[in-house]
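K.L.:
Structure: protein_2.cif, mmCIF, C-alpha atoms.
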```
data_start
#
loop_
_atom_site.group_PDB
_atom_site.id
_atom_site.type_symbol
_atom_site.label_atom_id
_atom_site.label_comp_id
_atom_site.auth_asym_id
_atom_site.auth_seq_id
_atom_site.Cartn_x
_atom_site.Cartn_y
_atom_site.Cartn_z
ATOM 1 C CA ARG A 243 -242.628 -37.161 146.433
ATOM 2 C CA ILE A 244 -240.379 -39.567 144.497
ATOM 3 C CA ARG A 245 -243.348 -41.026 142.635
ATOM 4 C CA ARG A 246 -244.513 -37.523 141.628
ATOM 5 C CA ARG A 247 -241.025 -36.722 140.356
ATOM 6 C CA VAL A 248 -240.871 -39.896 138.217
ATOM 7 C CA GLN A 249 -244.266 -39.119 136.702
ATOM 8 C CA ASN A 250 -243.053 -35.680 135.608
ATOM 9 C CA PRO A 251 -242.866 -35.529 131.741
ATOM 10 C CA VAL A 252 -239.332 -34.084 131.848
ATOM 11 C CA TYR A 253 -238.006 -36.763 134.229
ATOM 12 C CA SER A 254 -235.060 -38.859 133.034
ATOM 13 C CA PRO A 255 -233.237 -41.503 135.117
ATOM 14 C CA ASN A 256 -229.771 -40.663 136.456
ATOM 15 C CA ASN A 257 -227.108 -43.019 135.122
ATOM 16 C CA GLU A 258 -225.082 -42.900 138.343
ATOM 17 C CA ALA A 259 -228.164 -43.803 140.397
ATOM 18 C CA CYS A 260 -228.845 -46.728 138.064
ATOM 19 C CA LEU A 261 -225.376 -48.062 138.855
ATOM 20 C CA ILE A 262 -226.323 -48.332 142.535
ATOM 21 C CA ASN A 263 -228.918 -50.953 141.710
ATOM 22 C CA ARG A 264 -226.681 -52.828 139.278
ATOM 23 C CA HIS A 265 -223.641 -52.951 141.554
ATOM 24 C CA ALA A 266 -225.215 -53.052 145.030
ATOM 25 C CA VAL A 267 -222.935 -54.309 147.810
ATOM 26 C CA PRO A 268 -223.962 -55.637 151.255
ATOM 27 C CA LEU A 269 -222.427 -52.792 153.310
ATOM 28 C CA ALA A 270 -223.999 -50.395 155.776
ATOM 29 C CA GLY A 271 -223.421 -46.977 157.347
ATOM 30 C CA THR A 272 -221.043 -44.196 156.286
ATOM 31 C CA GLN A 273 -218.392 -46.679 155.153
ATOM 32 C CA CYS A 274 -220.870 -48.068 152.608
ATOM 33 C CA LEU A 275 -221.654 -44.594 151.247
ATOM 34 C CA SER A 276 -217.990 -43.655 151.025
ATOM 35 C CA ARG A 277 -217.028 -46.833 149.156
ATOM 36 C CA LEU A 278 -220.054 -46.532 146.883
ATOM 37 C CA ARG A 279 -219.213 -42.942 145.932
ATOM 38 C CA ARG A 280 -215.628 -43.919 145.071
ATOM 39 C CA SER A 281 -216.897 -46.837 142.972
ATOM 40 C CA LEU A 282 -219.376 -44.637 141.118
ATOM 41 C CA ARG A 283 -216.750 -41.974 140.406
ATOM 42 C CA LYS A 284 -214.419 -44.572 138.897
ATOM 43 C CA ARG A 285 -217.142 -46.119 136.730
ATOM 44 C CA THR A 286 -218.383 -42.709 135.607
ATOM 45 C CA ALA A 287 -214.842 -41.584 134.727
ATOM 46 C CA ARG A 288 -214.321 -44.725 132.658
ATOM 47 C CA SER A 289 -217.617 -44.104 130.837
ATOM 48 C CA LEU A 290 -216.731 -40.504 130.051
ATOM 49 C CA LEU A 291 -213.184 -41.299 128.969
ATOM 50 C CA SER A 292 -214.507 -43.912 126.527
ATOM 51 C CA ALA A 293 -216.304 -41.106 124.693
ATOM 52 C CA PRO A 294 -214.671 -39.257 121.767
ATOM 53 C CA TYR A 295 -214.232 -36.145 123.932
ATOM 54 C CA GLY A 296 -212.253 -38.124 126.514
ATOM 55 C CA LYS A 297 -209.144 -36.075 125.753
ATOM 56 C CA ALA A 298 -210.889 -33.069 127.250
ATOM 57 C CA LEU A 299 -211.193 -34.974 130.528
ATOM 58 C CA GLN A 300 -207.764 -36.534 130.450
ATOM 59 C CA LYS A 301 -204.876 -35.189 128.379
ATOM 60 C CA GLN A 302 -204.076 -38.519 126.779
ATOM 61 C CA GLU A 303 -205.305 -42.055 127.175
ATOM 62 C CA LYS A 304 -203.202 -44.651 125.439
ATOM 63 C CA PRO A 305 -205.083 -47.640 123.952
ATOM 64 C CA PRO A 306 -204.096 -51.213 124.836
ATOM 65 C CA LYS A 307 -201.049 -52.457 122.939
ATOM 66 C CA ASP A 308 -203.119 -55.041 121.061
ATOM 67 C CA ARG A 309 -205.740 -52.509 119.888
ATOM 68 C CA LYS A 310 -205.420 -49.548 117.552
ATOM 69 C CA PRO A 311 -207.159 -46.302 118.561
ATOM 70 C CA SER A 312 -210.577 -45.740 116.987
ATOM 71 C CA PHE A 313 -212.458 -42.448 116.667
ATOM 72 C CA ARG A 314 -215.669 -43.902 115.255
ATOM 73 C CA ILE A 315 -218.808 -43.462 117.293
ATOM 74 C CA SER A 316 -222.357 -44.729 116.809
ATOM 75 C CA PHE A 317 -225.517 -42.703 117.217
ATOM 76 C CA GLU A 318 -226.471 -44.772 120.268
ATOM 77 C CA LYS A 319 -223.071 -44.063 121.860
ATOM 78 C CA GLU A 320 -223.502 -40.371 121.118
ATOM 79 C CA LYS A 321 -226.881 -40.299 122.898
ATOM 80 C CA HIS A 322 -225.363 -42.159 125.853
ATOM 81 C CA CYS A 323 -222.526 -39.628 126.095
ATOM 82 C CA VAL A 324 -224.958 -36.703 125.990
ATOM 83 C CA SER A 325 -226.989 -38.360 128.744
ATOM 84 C CA LEU A 326 -223.863 -38.745 130.901
ATOM 85 C CA LEU A 327 -223.006 -35.080 130.484
ATOM 86 C CA LEU A 328 -226.524 -34.042 131.454
ATOM 87 C CA ASP A 329 -226.310 -36.250 134.544
ATOM 88 C CA HIS A 330 -223.142 -34.360 135.492
ATOM 89 C CA LYS A 331 -225.055 -31.064 135.409
ATOM 90 C CA VAL A 332 -223.075 -29.438 132.596
ATOM 91 C CA ASP A 333 -224.494 -26.162 131.311
ATOM 92 C CA GLY A 334 -223.082 -26.389 127.793
ATOM 93 C CA ILE A 335 -222.358 -29.098 125.186
ATOM 94 C CA ILE A 336 -220.304 -28.766 121.988
ATOM 95 C CA LEU A 337 -221.484 -31.576 119.728
ATOM 96 C CA ASN A 338 -220.199 -32.927 116.412
ATOM 97 C CA SER A 339 -223.173 -35.210 115.833
ATOM 98 C CA VAL A 340 -223.112 -38.436 113.815
ATOM 99 C CA ALA A 341 -226.912 -38.642 113.796
ATOM 100 C CA SER A 342 -228.756 -39.092 110.520
ATOM 101 C CA TYR A 343 -230.571 -36.063 109.152
ATOM 102 C CA LEU A 344 -233.729 -38.134 109.687
ATOM 103 C CA GLU A 345 -233.310 -37.984 113.507
ATOM 104 C CA LYS A 346 -235.444 -34.864 113.729
ATOM 105 C CA LYS A 347 -236.890 -35.775 117.131
ATOM 106 C CA TYR A 348 -233.378 -36.046 118.584
ATOM 107 C CA PHE A 349 -232.372 -32.634 117.249
ATOM 108 C CA ARG A 350 -235.552 -31.066 118.625
ATOM 109 C CA GLU A 351 -234.777 -32.598 122.033
ATOM 110 C CA LEU A 352 -231.271 -31.103 121.940
ATOM 111 C CA ALA A 353 -232.702 -27.695 121.059
ATOM 112 C CA SER A 354 -235.241 -27.927 123.883
ATOM 113 C CA LEU A 355 -232.497 -28.370 126.505
ATOM 114 C CA THR A 356 -231.931 -24.616 126.555
ATOM 115 C CA ALA A 357 -235.569 -23.878 127.383
ATOM 116 C CA SER A 358 -235.979 -26.812 129.782
ATOM 117 C CA HIS A 359 -235.334 -26.840 133.529
ATOM 118 C CA LYS A 360 -231.828 -28.149 132.738
ATOM 119 C CA LYS A 361 -230.808 -24.883 130.970
ATOM 120 C CA VAL A 362 -228.113 -26.558 128.849
ATOM 121 C CA PHE A 363 -226.850 -24.712 125.769
ATOM 122 C CA VAL A 364 -225.876 -26.848 122.770
ATOM 123 C CA VAL A 365 -223.542 -25.833 119.940
ATOM 124 C CA SER A 366 -223.273 -27.967 116.801
ATOM 125 C CA LEU A 367 -219.937 -28.306 115.039
ATOM 126 C CA GLU A 368 -219.822 -29.024 111.281
ATOM 127 C CA ARG A 369 -223.542 -29.854 111.054
ATOM 128 C CA ASN A 370 -225.931 -26.990 110.291
ATOM 129 C CA LEU A 371 -228.737 -27.515 112.815
ATOM 130 C CA SER A 372 -229.806 -23.883 112.962
ATOM 131 C CA SER A 373 -233.247 -24.800 111.583
ATOM 132 C CA TYR A 374 -233.872 -26.547 114.929
ATOM 133 C CA GLY A 375 -232.756 -23.509 116.896
ATOM 134 C CA ILE A 376 -229.310 -24.943 117.664
ATOM 135 C CA PHE A 377 -226.388 -22.536 117.264
ATOM 136 C CA SER A 378 -224.158 -24.080 114.575
ATOM 137 C CA VAL A 379 -220.547 -23.564 113.528
ATOM 138 C CA HIS A 380 -220.222 -24.999 110.033
ATOM 139 C CA VAL A 381 -218.886 -24.425 106.546
ATOM 140 C CA ASN A 382 -220.672 -24.229 103.209
ATOM 141 C CA ASN A 383 -220.322 -27.851 102.134
ATOM 142 C CA PHE A 384 -222.115 -27.253 98.843
ATOM 143 C CA LEU A 385 -219.546 -24.614 97.917
ATOM 144 C CA GLY A 386 -216.718 -26.841 99.180
ATOM 145 C CA GLY A 387 -217.810 -29.726 96.951
ATOM 146 C CA LYS A 388 -218.160 -27.376 93.989
ATOM 147 C CA ILE A 389 -214.718 -25.798 94.487
ATOM 148 C CA ALA A 390 -213.011 -29.201 94.863
ATOM 149 C CA THR A 391 -214.620 -30.484 91.669
ATOM 150 C CA LYS A 392 -213.876 -27.276 89.774
ATOM 151 C CA TYR A 393 -210.214 -27.570 90.769
ATOM 152 C CA LEU A 394 -210.040 -31.026 89.180
ATOM 153 C CA LEU A 395 -211.908 -29.830 86.078
ATOM 154 C CA GLU A 396 -209.488 -26.943 85.637
ATOM 155 C CA GLY A 397 -206.639 -29.436 85.942
ATOM 156 C CA GLY A 398 -207.943 -31.245 82.850
ATOM 157 C CA CYS A 399 -210.068 -33.966 84.489
ATOM 158 C CA SER A 400 -213.401 -34.858 82.890
ATOM 159 C CA HIS A 401 -214.246 -38.192 84.555
ATOM 160 C CA ILE A 402 -214.159 -37.500 88.280
ATOM 161 C CA ALA A 403 -214.861 -40.274 90.765
ATOM 162 C CA VAL A 404 -216.152 -39.460 94.243
ATOM 163 C CA ILE A 405 -215.349 -41.217 97.512
ATOM 164 C CA SER A 406 -218.156 -39.965 99.705
ATOM 165 C CA GLY A 407 -219.138 -40.260 103.353
ATOM 166 C CA PRO A 408 -222.299 -42.037 104.623
ATOM 167 C CA LYS A 409 -225.523 -41.226 102.768
ATOM 168 C CA ILE A 410 -227.366 -40.494 106.022
ATOM 169 C CA HIS A 411 -225.431 -37.272 106.637
ATOM 170 C CA ASP A 412 -226.656 -33.956 105.239
ATOM 171 C CA VAL A 413 -223.013 -32.849 104.961
ATOM 172 C CA VAL A 414 -222.498 -35.588 102.365
ATOM 173 C CA TYR A 415 -225.610 -34.563 100.438
ATOM 174 C CA ASP A 416 -224.441 -30.942 100.263
ATOM 175 C CA ARG A 417 -220.974 -31.899 98.998
ATOM 176 C CA LEU A 418 -222.433 -34.160 96.315
ATOM 177 C CA CYS A 419 -224.773 -31.363 95.230
ATOM 178 C CA GLY A 420 -221.742 -29.108 94.854
ATOM 179 C CA TYR A 421 -219.980 -31.821 92.839
ATOM 180 C CA ARG A 422 -222.984 -32.177 90.564
ATOM 181 C CA ALA A 423 -223.341 -28.412 90.080
ATOM 182 C CA ALA A 424 -219.670 -28.096 89.027
ATOM 183 C CA LEU A 425 -220.077 -30.894 86.478
ATOM 184 C CA GLU A 426 -223.237 -29.368 85.020
ATOM 185 C CA ASP A 427 -221.593 -25.930 84.814
ATOM 186 C CA ALA A 428 -218.849 -27.582 82.740
ATOM 187 C CA GLY A 429 -221.396 -29.289 80.492
ATOM 188 C CA LEU A 430 -220.648 -32.777 81.863
ATOM 189 C CA VAL A 431 -223.101 -35.500 82.845
ATOM 190 C CA TYR A 432 -223.650 -36.399 86.512
ATOM 191 C CA ASP A 433 -223.209 -40.190 86.739
ATOM 192 C CA THR A 434 -223.997 -41.991 90.038
ATOM 193 C CA SER A 435 -221.792 -44.932 89.020
ATOM 194 C CA MET A 436 -218.820 -42.629 89.639
ATOM 195 C CA ILE A 437 -219.724 -42.387 93.341
ATOM 196 C CA GLU A 438 -218.795 -44.849 96.099
ATOM 197 C CA TYR A 439 -219.488 -44.456 99.821
ATOM 198 C CA GLY A 440 -217.272 -44.909 102.857
ATOM 199 C CA ASP A 441 -217.441 -44.076 106.573
ATOM 200 C CA TYR A 442 -214.641 -41.493 106.739
ATOM 201 C CA THR A 443 -211.979 -44.061 107.699
ATOM 202 C CA THR A 444 -208.839 -44.875 105.706
ATOM 203 C CA LEU A 445 -209.969 -48.486 105.201
ATOM 204 C CA SER A 446 -213.359 -47.450 103.841
ATOM 205 C CA GLY A 447 -211.662 -45.093 101.369
ATOM 206 C CA TYR A 448 -209.391 -47.912 100.242
ATOM 207 C CA LEU A 449 -212.301 -50.341 99.765
ATOM 208 C CA ALA A 450 -214.446 -47.751 97.978
ATOM 209 C CA MET A 451 -211.648 -46.958 95.533
ATOM 210 C CA LYS A 452 -211.086 -50.671 94.932
ATOM 211 C CA ARG A 453 -214.790 -51.080 94.082
ATOM 212 C CA ILE A 454 -214.542 -48.345 91.462
ATOM 213 C CA ILE A 455 -211.459 -49.950 89.947
ATOM 214 C CA MET A 456 -212.949 -53.476 90.017
ATOM 215 C CA ASN A 457 -216.147 -52.202 88.379
ATOM 216 C CA GLY A 458 -214.099 -50.948 85.446
ATOM 217 C CA ILE A 459 -215.060 -47.301 85.961
ATOM 218 C CA GLN A 460 -212.875 -45.020 83.867
ATOM 219 C CA PHE A 461 -211.709 -41.985 85.848
ATOM 220 C CA ASP A 462 -208.973 -39.376 85.608
ATOM 221 C CA GLY A 463 -209.570 -37.606 88.927
ATOM 222 C CA VAL A 464 -210.880 -38.408 92.409
ATOM 223 C CA PHE A 465 -212.753 -36.192 94.833
ATOM 224 C CA SER A 466 -212.446 -37.641 98.348
ATOM 225 C CA CYS A 467 -214.746 -36.170 100.987
ATOM 226 C CA ASN A 468 -212.165 -36.291 103.791
ATOM 227 C CA ASP A 469 -208.416 -36.708 104.328
ATOM 228 C CA GLN A 470 -208.532 -40.169 105.933
ATOM 229 C CA MET A 471 -210.411 -41.683 102.991
ATOM 230 C CA ALA A 472 -208.058 -39.888 100.602
ATOM 231 C CA ILE A 473 -205.151 -41.817 102.160
ATOM 232 C CA GLY A 474 -207.047 -45.050 101.476
ATOM 233 C CA VAL A 475 -207.644 -43.942 97.886
ATOM 234 C CA LEU A 476 -203.915 -43.401 97.324
ATOM 235 C CA LYS A 477 -203.123 -46.828 98.756
ATOM 236 C CA ALA A 478 -205.730 -48.474 96.509
ATOM 237 C CA MET A 479 -204.152 -46.940 93.399
#
```
Step by step, read the file and then write its structure as structure tokens.
P.N.:
Amino acid sequence: RIRRRVQNPVYSPNNEACLINRHAVPLAGTQCLSRLRRSLRKRTARSLLSAPYGKALQKQEKPPKDRKPSFRISFEKEKHCVSLLLDHKVDGIILNSVASYLEKKYFRELASLTASHKKVFVVSLERNLSSYGIFSVHVNNFLGGKIATKYLLEGGCSHIAVISGPKIHDVVYDRLCGYRAALEDAGLVYDTSMIEYGDYTTLSGYLAMKRIIMNGIQFDGVFSCNDQMAIGVLKAM
């Protein structure tokens, strides 16, 4: 029966069960099971709390004194966190994905969770994944980029630099399209040398602004694609 289950196309290994093999202890009987369950719960809790949604599981987790808190997450970590939630039999996931727009297979897999035997509903925050059948809560980033640029143009700016997020995100593409549209509406030329890329952190905004300055780019306004990078921009100037 176990072999038939593993051969099932929708089978996926359980992370908690995998821990049994990795951390096996030479104990027997009910005492062994009791200690093993406690050990698994602790390890699972630590795994979940290391995720960006850890605050939902614990009100506040202070970082070590020698380490500053970080809210950056990789695509691989995101997939691991989703897998952990599925192992815990959740029936809904609210996801602010960091995946590239090229990860179409991943988005299709998320959408299929609703129709699968797992019956898990997924909601996307900030990213518009409705084309995959995923309910999405998002803003019009094209319009946002256009409004931000128009505001600077109306303030008298004509050489507007952009501190953008990672190229792999469709949100970034939409904002840059809005930026370009506002420039063209004003009769100005869209120049890619005015654009530098960061990763949404304050440090990346600082370094991106420094690159523009060091490259001798003449600018009289800056459009930063998020608040943290904007802080870095102000420090660089």
K.L.:
Could you please determine the separation between CA of Tyr348 (chain A) and CA of Gly440 (chain A) in Å, to one decimal place?
P.N.:
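We find that CA of Tyr348 (chain A) and CA of Gly440 (chain A) lie 24.2 Å from each other.
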K.L.:
Once 6 Å is added on each side, what centre and edge lengths in Å to one decimal does the axis-aligned box around all listed atoms of region 365-368 of chain A have, as AutoDock Vina command-line options?
P.N.:
```
--center_x -221.7 --center_y -27.4 --center_z 115.6 --size_x 15.7 --size_y 15.2 --size_z 20.7
```
K.L.:
Apply the PyMOL selection byres ((chain A and resi 419-428) around 6) to the structure shown and report the selected residues as a ChimeraX atom specification.
P.N.:
/A:384-385,387-388,391-392,416-418,429-430,432
K.L.:
Go ahead and save the residues from that selection, with C-alpha atoms, as a compact mmCIF listing (two decimals), in the coordinates of the input.
P.N.:
```txt
# COMPACT_ATOMS: atom_id res chain seq x y z
CA PHE A 384 -222.12 -27.25 98.84
CA LEU A 385 -219.55 -24.61 97.92
CA GLY A 387 -217.81 -29.73 96.95
CA LYS A 388 -218.16 -27.38 93.99
CA THR A 391 -214.62 -30.48 91.67
CA LYS A 392 -213.88 -27.28 89.77
CA ASP A 416 -224.44 -30.94 100.26
CA ARG A 417 -220.97 -31.90 99.00
CA LEU A 418 -222.43 -34.16 96.32
CA GLY A 429 -221.40 -29.29 80.49
CA LEU A 430 -220.65 -32.78 81.86
CA TYR A 432 -223.65 -36.40 86.51
```
K.L.:
Env of Ser339 (chain A): 8 Å cut, atoms = all atoms listed in the file, seq-sep filter 6 positions within chain, self excluded. Answer as a VMD selection string.
P.N.:
chain A and resid 317 320 366 to 367 369
K.L.:
Write out as a VMD selection string which residues come within 6 Å of region 350-362 of chain A when counting only C-alpha atoms, dropping same-chain ones fewer than 3 positions away.
P.N.:
chain A and resid 333 to 334 347 375 to 376
K.L.:
What separation in Å, quoted to one decimal, exists between CA of Ser400 (chain A) and CA of Asn457 (chain A)?
P.N.:
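For CA of Ser400 (chain A) relative to CA of Asn457 (chain A), the distance reads 18.4 Å.
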